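Trainee: Enclosed is the structure file model-v6.pdb (PDB, C-alpha atoms).
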ATOM      1  CA  MET J   5     -98.028  64.775  -4.077  1.00  0.00           C
ATOM      2  CA  HIS J   6     -98.379  68.388  -2.997  1.00  0.00           C
ATOM      3  CA  LEU J   7     -97.540  71.015  -5.647  1.00  0.00           C
ATOM      4  CA  PHE J   8     -94.765  72.573  -3.561  1.00  0.00           C
ATOM      5  CA  SER J   9     -93.125  69.248  -2.717  1.00  0.00           C
ATOM      6  CA  ARG J  10     -93.409  67.938  -6.254  1.00  0.00           C
ATOM      7  CA  LEU J  11     -91.913  70.948  -8.018  1.00  0.00           C
ATOM      8  CA  PHE J  12     -89.301  72.023  -5.509  1.00  0.00           C
ATOM      9  CA  ARG J  13     -86.119  70.089  -4.817  1.00  0.00           C
ATOM     10  CA  LYS J  14     -82.609  70.816  -3.591  1.00  0.00           C
ATOM     11  CA  ARG J  15     -79.905  71.504  -6.165  1.00  0.00           C
ATOM     12  CA  GLU J  16     -76.254  72.384  -5.952  1.00  0.00           C
ATOM     13  CA  GLN J  17     -76.424  74.678  -8.975  1.00  0.00           C
ATOM     14  CA  PRO J  18     -79.444  76.497 -10.468  1.00  0.00           C
ATOM     15  CA  ALA J  19     -80.251  75.729 -14.091  1.00  0.00           C
ATOM     16  CA  PRO J  20     -81.382  78.380 -16.587  1.00  0.00           C
ATOM     17  CA  PRO J  21     -85.157  78.337 -17.112  1.00  0.00           C
ATOM     18  CA  SER J  22     -87.209  79.125 -20.182  1.00  0.00           C
ATOM     19  CA  ALA J  23     -89.939  81.759 -20.081  1.00  0.00           C
ATOM     20  CA  LEU J  24     -92.487  79.035 -20.835  1.00  0.00           C
ATOM     21  CA  GLU J  25     -91.252  76.908 -17.935  1.00  0.00           C
ATOM     22  CA  LEU J  26     -91.437  79.837 -15.549  1.00  0.00           C
ATOM     23  CA  ALA J  27     -94.907  80.887 -16.667  1.00  0.00           C
ATOM     24  CA  ARG J  28     -96.221  77.332 -16.426  1.00  0.00           C
ATOM     25  CA  PHE J  29     -94.802  76.859 -12.946  1.00  0.00           C
ATOM     26  CA  PHE J  30     -96.093  80.126 -11.502  1.00  0.00           C
ATOM     27  CA  ASN J  31     -99.505  79.880 -13.126  1.00  0.00           C
ATOM     28  CA  GLN J  32     -99.901  76.539 -11.399  1.00  0.00           C
ATOM     29  CA  ALA J  33     -98.351  77.819  -8.176  1.00  0.00           C
ATOM     30  CA  ALA J  34    -101.001  80.536  -7.975  1.00  0.00           C
ATOM     31  CA  GLN J  35    -103.356  77.841  -6.664  1.00  0.00           C
ATOM     32  CA  ASP J  36    -101.085  77.316  -3.647  1.00  0.00           C
ATOM     33  CA  GLU J  37    -102.008  79.989  -1.106  1.00  0.00           C
ATOM     34  CA  GLU J  38     -99.905  78.400   1.621  1.00  0.00           C
ATOM     35  CA  HIS J  39     -96.566  78.838  -0.136  1.00  0.00           C
ATOM     36  CA  PHE J  40     -97.561  81.706  -2.438  1.00  0.00           C
ATOM     37  CA  PRO J  41     -99.779  83.899  -0.232  1.00  0.00           C
ATOM     38  CA  SER J  42    -101.734  86.905  -1.429  1.00  0.00           C
ATOM     39  CA  SER J  43    -101.064  88.955   1.701  1.00  0.00           C
ATOM     40  CA  ILE J  44     -98.144  89.767   3.996  1.00  0.00           C
ATOM     41  CA  ASP J  45     -97.944  91.125   7.530  1.00  0.00           C
ATOM     42  CA  PRO J  46     -97.050  94.830   7.179  1.00  0.00           C
ATOM     43  CA  ARG J  47     -94.912  94.549  10.317  1.00  0.00           C
ATOM     44  CA  ILE J  48     -92.428  92.299   8.517  1.00  0.00           C
ATOM     45  CA  TYR J  49     -89.178  94.199   8.026  1.00  0.00           C
ATOM     46  CA  HIS J  50     -89.027  93.428   4.302  1.00  0.00           C
ATOM     47  CA  VAL J  51     -92.193  95.487   3.887  1.00  0.00           C
ATOM     48  CA  LYS J  52     -91.054  98.271   6.200  1.00  0.00           C
ATOM     49  CA  LEU J  53     -87.725  98.569   4.390  1.00  0.00           C
ATOM     50  CA  VAL J  54     -89.357  98.908   0.964  1.00  0.00           C
ATOM     51  CA  LEU J  55     -91.696 101.603   2.291  1.00  0.00           C
ATOM     52  CA  GLU J  56     -88.829 103.386   4.051  1.00  0.00           C
ATOM     53  CA  HIS J  57     -86.498 103.415   1.045  1.00  0.00           C
ATOM     54  CA  LEU J  58     -89.150 104.461  -1.462  1.00  0.00           C
ATOM     55  CA  GLY J  59     -90.108 107.348   0.804  1.00  0.00           C
ATOM     56  CA  ASP J  60     -92.899 109.755  -0.067  1.00  0.00           C
ATOM     57  CA  ILE J  61     -94.128 108.580  -3.459  1.00  0.00           C
ATOM     58  CA  GLY J  62     -96.904 111.152  -3.736  1.00  0.00           C
ATOM     59  CA  ALA J  63     -98.811 110.734  -6.991  1.00  0.00           C
ATOM     60  CA  ALA J  64     -95.873 109.173  -8.830  1.00  0.00           C
ATOM     61  CA  ARG J  65     -95.631 105.688 -10.332  1.00  0.00           C
ATOM     62  CA  VAL J  66     -93.906 102.784  -8.607  1.00  0.00           C
ATOM     63  CA  ALA J  67     -93.392  99.302 -10.047  1.00  0.00           C
ATOM     64  CA  ASP J  68     -93.556  95.981  -8.203  1.00  0.00           C
ATOM     65  CA  VAL J  69     -91.455  93.764 -10.477  1.00  0.00           C
ATOM     66  CA  GLY J  70     -92.224  90.062 -10.119  1.00  0.00           C
ATOM     67  CA  CYS J  71     -95.142  90.939  -7.884  1.00  0.00           C
ATOM     68  CA  GLY J  72     -96.687  87.480  -7.473  1.00  0.00           C
ATOM     69  CA  LYS J  73    -100.154  88.006  -6.028  1.00  0.00           C
ATOM     70  CA  GLY J  74     -99.388  91.628  -5.205  1.00  0.00           C
ATOM     71  CA  ARG J  75     -98.938  91.307  -1.468  1.00  0.00           C
ATOM     72  CA  PHE J  76     -96.330  94.089  -1.324  1.00  0.00           C
ATOM     73  CA  ALA J  77     -98.148  96.197  -3.914  1.00  0.00           C
ATOM     74  CA  ARG J  78    -101.287  96.057  -1.783  1.00  0.00           C
ATOM     75  CA  ILE J  79     -99.509  97.683   1.164  1.00  0.00           C
ATOM     76  CA  ILE J  80     -97.612 100.201  -0.965  1.00  0.00           C
ATOM     77  CA  ALA J  81    -100.926 101.322  -2.470  1.00  0.00           C
ATOM     78  CA  GLU J  82    -102.646 101.503   0.924  1.00  0.00           C
ATOM     79  CA  ARG J  83     -99.868 103.649   2.380  1.00  0.00           C
ATOM     80  CA  ASN J  84     -99.627 105.843  -0.744  1.00  0.00           C
ATOM     81  CA  PRO J  85    -103.229 106.292  -1.945  1.00  0.00           C
ATOM     82  CA  ALA J  86    -102.333 108.884  -4.585  1.00  0.00           C
ATOM     83  CA  ALA J  87     -99.559 106.768  -6.116  1.00  0.00           C
ATOM     84  CA  LYS J  88     -99.883 104.722  -9.287  1.00  0.00           C
ATOM     85  CA  VAL J  89     -98.717 101.233  -8.316  1.00  0.00           C
ATOM     86  CA  ILE J  90     -98.015  98.854 -11.199  1.00  0.00           C
ATOM     87  CA  ALA J  91     -97.842  95.127 -10.408  1.00  0.00           C
ATOM     88  CA  ILE J  92     -95.837  93.170 -12.994  1.00  0.00           C
ATOM     89  CA  ASP J  93     -95.560  89.392 -13.160  1.00  0.00           C
ATOM     90  CA  LEU J  94     -95.001  86.732 -15.803  1.00  0.00           C
ATOM     91  CA  ALA J  95     -97.894  84.594 -14.538  1.00  0.00           C
ATOM     92  CA  GLU J  96    -101.369  85.878 -15.352  1.00  0.00           C
ATOM     93  CA  ALA J  97    -102.867  83.568 -12.732  1.00  0.00           C
ATOM     94  CA  MET J  98    -100.855  85.387 -10.065  1.00  0.00           C
ATOM     95  CA  LEU J  99    -102.066  88.761 -11.314  1.00  0.00           C
ATOM     96  CA  HIS J 100    -105.681  87.688 -10.893  1.00  0.00           C
ATOM     97  CA  HIS J 101    -105.135  88.003  -7.130  1.00  0.00           C
ATOM     98  CA  VAL J 102    -103.823  91.583  -7.288  1.00  0.00           C
ATOM     99  CA  PRO J 103    -106.371  93.945  -5.675  1.00  0.00           C
ATOM    100  CA  SER J 104    -108.406  96.310  -7.818  1.00  0.00           C
ATOM    101  CA  GLY J 105    -107.019  99.809  -8.027  1.00  0.00           C
ATOM    102  CA  ILE J 106    -103.523  98.507  -8.684  1.00  0.00           C
ATOM    103  CA  GLY J 107    -102.326  98.367 -12.274  1.00  0.00           C
ATOM    104  CA  ARG J 108    -101.623  94.835 -13.510  1.00  0.00           C
ATOM    105  CA  CYS J 109     -99.309  93.829 -16.304  1.00  0.00           C
ATOM    106  CA  ALA J 110     -98.170  90.386 -17.484  1.00  0.00           C
ATOM    107  CA  ALA J 111     -94.558  90.622 -18.595  1.00  0.00           C
ATOM    108  CA  SER J 112     -91.067  89.224 -18.139  1.00  0.00           C
ATOM    109  CA  MET J 113     -88.600  90.994 -15.848  1.00  0.00           C
ATOM    110  CA  THR J 114     -86.193  91.098 -18.785  1.00  0.00           C
ATOM    111  CA  ALA J 115     -88.573  93.165 -20.948  1.00  0.00           C
ATOM    112  CA  LEU J 116     -90.627  95.504 -18.789  1.00  0.00           C
ATOM    113  CA  PRO J 117     -93.384  97.275 -20.779  1.00  0.00           C
ATOM    114  CA  LEU J 118     -92.833 100.648 -19.106  1.00  0.00           C
ATOM    115  CA  ALA J 119     -91.199 103.717 -20.575  1.00  0.00           C
ATOM    116  CA  THR J 120     -87.664 104.637 -19.595  1.00  0.00           C
ATOM    117  CA  GLY J 121     -87.658 106.850 -16.510  1.00  0.00           C
ATOM    118  CA  SER J 122     -91.418 106.540 -16.027  1.00  0.00           C
ATOM    119  CA  CYS J 123     -91.282 105.418 -12.359  1.00  0.00           C
ATOM    120  CA  ALA J 124     -90.239 107.185  -9.184  1.00  0.00           C
ATOM    121  CA  GLY J 125     -89.336 103.826  -7.705  1.00  0.00           C
ATOM    122  CA  ALA J 126     -89.245 100.099  -8.334  1.00  0.00           C
ATOM    123  CA  TYR J 127     -88.663  97.043  -6.191  1.00  0.00           C
ATOM    124  CA  ALA J 128     -88.207  93.304  -6.588  1.00  0.00           C
ATOM    125  CA  THR J 129     -88.777  91.190  -3.484  1.00  0.00           C
ATOM    126  CA  GLU J 130     -87.657  87.564  -3.822  1.00  0.00           C
ATOM    127  CA  SER J 131     -88.472  87.690  -7.516  1.00  0.00           C
ATOM    128  CA  LEU J 132     -85.178  88.476  -9.232  1.00  0.00           C
ATOM    129  CA  GLU J 133     -84.010  84.983  -8.220  1.00  0.00           C
ATOM    130  CA  HIS J 134     -86.375  83.628 -10.909  1.00  0.00           C
ATOM    131  CA  ALA J 135     -85.235  85.878 -13.782  1.00  0.00           C
ATOM    132  CA  ILE J 136     -84.029  84.193 -16.964  1.00  0.00           C
ATOM    133  CA  ASP J 137     -81.217  86.727 -17.385  1.00  0.00           C
ATOM    134  CA  ILE J 138     -80.215  88.445 -14.134  1.00  0.00           C
ATOM    135  CA  GLU J 139     -78.072  91.161 -15.703  1.00  0.00           C
ATOM    136  CA  THR J 140     -80.825  92.166 -18.132  1.00  0.00           C
ATOM    137  CA  ALA J 141     -83.484  92.070 -15.414  1.00  0.00           C
ATOM    138  CA  VAL J 142     -81.466  94.425 -13.188  1.00  0.00           C
ATOM    139  CA  ALA J 143     -80.863  96.753 -16.144  1.00  0.00           C
ATOM    140  CA  GLU J 144     -84.603  96.815 -16.867  1.00  0.00           C
ATOM    141  CA  LEU J 145     -85.446  97.475 -13.234  1.00  0.00           C
ATOM    142  CA  CYS J 146     -83.117 100.473 -13.306  1.00  0.00           C
ATOM    143  CA  ARG J 147     -84.163 101.653 -16.775  1.00  0.00           C
ATOM    144  CA  ILE J 148     -87.778 102.306 -15.826  1.00  0.00           C
ATOM    145  CA  VAL J 149     -86.782 104.459 -12.825  1.00  0.00           C
ATOM    146  CA  ALA J 150     -86.203 108.181 -13.318  1.00  0.00           C
ATOM    147  CA  PRO J 151     -82.960 109.851 -12.200  1.00  0.00           C
ATOM    148  CA  GLY J 152     -83.156 110.347  -8.451  1.00  0.00           C
ATOM    149  CA  GLY J 153     -85.638 107.478  -8.144  1.00  0.00           C
ATOM    150  CA  ARG J 154     -85.189 104.615  -5.708  1.00  0.00           C
ATOM    151  CA  ILE J 155     -84.759 100.880  -6.187  1.00  0.00           C
ATOM    152  CA  VAL J 156     -85.015  98.015  -3.697  1.00  0.00           C
ATOM    153  CA  ILE J 157     -84.007  94.407  -4.276  1.00  0.00           C
ATOM    154  CA  ILE J 158     -84.568  91.857  -1.520  1.00  0.00           C
ATOM    155  CA  ASP J 159     -83.347  88.344  -2.159  1.00  0.00           C
ATOM    156  CA  LYS J 160     -81.358  85.450  -0.760  1.00  0.00           C
ATOM    157  CA  ASN J 161     -77.655  85.255  -0.044  1.00  0.00           C
ATOM    158  CA  ALA J 162     -75.680  82.904  -2.298  1.00  0.00           C
ATOM    159  CA  GLU J 163     -73.434  81.995   0.627  1.00  0.00           C
ATOM    160  CA  GLN J 164     -76.468  80.377   2.254  1.00  0.00           C
ATOM    161  CA  TRP J 165     -77.369  78.258  -0.801  1.00  0.00           C
ATOM    162  CA  GLY J 166     -78.829  74.902   0.197  1.00  0.00           C
ATOM    163  CA  ARG J 167     -80.661  76.062   3.316  1.00  0.00           C
ATOM    164  CA  LEU J 168     -84.012  75.961   1.534  1.00  0.00           C
ATOM    165  CA  GLU J 169     -85.629  73.800  -1.104  1.00  0.00           C
ATOM    166  CA  THR J 170     -85.803  75.690  -4.372  1.00  0.00           C
ATOM    167  CA  PRO J 171     -87.030  75.243  -7.932  1.00  0.00           C
ATOM    168  CA  PRO J 172     -84.214  74.048 -10.209  1.00  0.00           C
ATOM    169  CA  TRP J 173     -83.588  77.404 -11.865  1.00  0.00           C
ATOM    170  CA  GLU J 174     -83.535  79.648  -8.788  1.00  0.00           C
ATOM    171  CA  LYS J 175     -80.432  81.807  -8.290  1.00  0.00           C
ATOM    172  CA  TRP J 176     -79.235  83.410  -5.070  1.00  0.00           C
ATOM    173  CA  PHE J 177     -76.845  86.360  -5.062  1.00  0.00           C
ATOM    174  CA  HIS J 178     -73.543  87.408  -3.585  1.00  0.00           C
ATOM    175  CA  ARG J 179     -73.631  90.797  -1.923  1.00  0.00           C
ATOM    176  CA  GLY J 180     -70.951  92.344  -4.116  1.00  0.00           C
ATOM    177  CA  GLU J 181     -72.362  90.778  -7.282  1.00  0.00           C
ATOM    178  CA  MET J 182     -75.670  92.644  -7.015  1.00  0.00           C
ATOM    179  CA  GLU J 183     -73.970  95.839  -5.878  1.00  0.00           C
ATOM    180  CA  ARG J 184     -71.901  95.802  -9.075  1.00  0.00           C
ATOM    181  CA  LEU J 185     -74.924  95.201 -11.299  1.00  0.00           C
ATOM    182  CA  LEU J 186     -76.852  98.049  -9.696  1.00  0.00           C
ATOM    183  CA  GLY J 187     -73.770 100.249  -9.743  1.00  0.00           C
ATOM    184  CA  ARG J 188     -73.741 100.210 -13.529  1.00  0.00           C
ATOM    185  CA  HIS J 189     -76.974 102.209 -13.541  1.00  0.00           C
ATOM    186  CA  CYS J 190     -77.268 103.904 -10.144  1.00  0.00           C
ATOM    187  CA  ARG J 191     -75.229 106.619  -8.421  1.00  0.00           C
ATOM    188  CA  GLN J 192     -75.753 105.239  -4.925  1.00  0.00           C
ATOM    189  CA  VAL J 193     -75.835 101.571  -3.922  1.00  0.00           C
ATOM    190  CA  SER J 194     -75.750  99.978  -0.493  1.00  0.00           C
ATOM    191  CA  SER J 195     -76.640  96.594   0.933  1.00  0.00           C
ATOM    192  CA  ARG J 196     -77.335  94.982   4.276  1.00  0.00           C
ATOM    193  CA  PHE J 197     -78.335  91.688   5.819  1.00  0.00           C
ATOM    194  CA  ILE J 198     -81.924  91.718   7.015  1.00  0.00           C
ATOM    195  CA  SER J 199     -84.315  89.528   8.951  1.00  0.00           C
ATOM    196  CA  TYR J 200     -88.059  89.082   8.657  1.00  0.00           C
ATOM    197  CA  TRP J 201     -88.436  90.995  11.905  1.00  0.00           C
ATOM    198  CA  GLU J 202     -86.730  94.248  12.784  1.00  0.00           C
ATOM    199  CA  ASP J 203     -85.863  93.130  16.322  1.00  0.00           C
ATOM    200  CA  VAL J 204     -84.376  89.780  15.238  1.00  0.00           C
ATOM    201  CA  GLU J 205     -80.682  89.613  14.346  1.00  0.00           C
ATOM    202  CA  PRO J 206     -80.219  88.683  10.641  1.00  0.00           C
ATOM    203  CA  ASP J 207     -79.019  85.105  10.157  1.00  0.00           C
ATOM    204  CA  GLY J 208     -77.413  85.720   6.773  1.00  0.00           C
ATOM    205  CA  LEU J 209     -80.185  84.338   4.574  1.00  0.00           C
ATOM    206  CA  PHE J 210     -81.697  87.572   3.279  1.00  0.00           C
ATOM    207  CA  LEU J 211     -79.973  90.576   1.742  1.00  0.00           C
ATOM    208  CA  ALA J 212     -81.416  93.936   0.800  1.00  0.00           C
ATOM    209  CA  TRP J 213     -79.849  96.137  -1.864  1.00  0.00           C
ATOM    210  CA  LEU J 214     -80.877  99.795  -1.814  1.00  0.00           C
ATOM    211  CA  ALA J 215     -80.097 102.087  -4.718  1.00  0.00           C
ATOM    212  CA  VAL J 216     -80.694 105.632  -5.901  1.00  0.00           C
ATOM    213  CA  LYS J 217     -80.489 106.198  -9.631  1.00  0.00           C
TER     214      LYS J 217
END
Is it possible to give me this structure as structure tokens?

Mentor:
Amino acid sequence: MHLFSRLFRKREQPAPPSALELARFFNQAAQDEEHFPSSIDPRIYHVKLVLEHLGDIGAARVADVGCGKGRFARIIAERNPAAKVIAIDLAEAMLHHVPSGIGRCAASMTALPLATGSCAGAYATESLEHAIDIETAVAELCRIVAPGGRIVIIDKNAEQWGRLETPPWEKWFHRGEMERLLGRHCRQVSSRFISYWEDVEPDGLFLAWLAVK
């Protein structure tokens, strides 16, 4: 049976994972290029929104938290050649696909190995849904960003739970829930429904949370 079909199934409620379970799953999933690709079309609105909200990074550091194979990090680095892009993921097998020139670091989202305030920006695109402890992961994402820095979270809407097959631990988020978590650490927080394509009306599946610390 195919890896994706064997490990993914529908659930009514996500179950809490262990770090070992997550690492094992994603190290194996790194072999599956179809469902865990190493590249993304830069025209997709998710990408454009991250670039837009981060703004002019210059030579500063930006962190891709839960980077997978670094498909977003690749584009961020290409568009900001002077920036120091750090790709962080729990699965070392995923990090092997991250392009050279981008910093790679194997770590949990709940314990990021970066100094407080060391990044001008950070983003998590469909990765926070896999965190062991959501509240701690959001706090860590905010901790590593300097005052005035920018944060992007793109993930799935809890009100749409059940539309997709998911691993048993995956968590989707209510709009206000994530706004409150970010609001504990950031002075500005907003959110919006988004689609994969800028000219396609959002169908409620994806949400983007944009914050300024």

Trainee: Measuring atom to atom with only C-alpha atoms, identify which of J:Ala212, J:Ala97, J:Leu118, J:Ala150 is nearest to Phe29 of chain J.

Mentor: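 Closest to Phe29 of chain J of all the choices is J:Ala97.
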
Trainee: Under the PyMOL selection byres ((chain J and resi 115) around 12), which residues of this model are included? Write them out as a PyMOL selection string.

Mentor: chain J and resi 23+69-70+92-94+109-114+116-120+135-148

Trainee: List, as an MDAnalysis selection string, every residue that the PyMOL selection byres ((chain J and resi 193) around 9) selects in the file provided.

Mentor: chainID J and resid 183:184 186:187 190:192 194:195 213:217

Trainee: Selection in question (the file shown): the PyMOL selection byres ((chain J and resi 198) around 9). Which residues does it include, as a list in words?

Mentor: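 This file, filtered by the PyMOL selection byres ((chain J and resi 198) around 9), leaves Tyr49, His50, Ile158, Arg196, Phe197, Ser199, Tyr200, Trp201, Glu202, Val204, Glu205, Pro206, Asp207, Gly208, Leu209, Phe210, Leu211 and Ala212 of chain J.
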
Trainee: Work out how far apart atom CA of Val89 of chain J and atom CA of Asn31 of chain J are and give it in Å to one decimal.

Mentor: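 A separation of 21.9 Å between them.
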
Trainee: Given the choices J:Ala87, J:Val102, J:Ala27, J:Ala81, which gets closest to Ala63 of chain J if the distance is worked out from all atoms listed in the file?

Mentor: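 Residue with the minimum atom-to-atom distance to Ala63 of chain J: J:Ala87.
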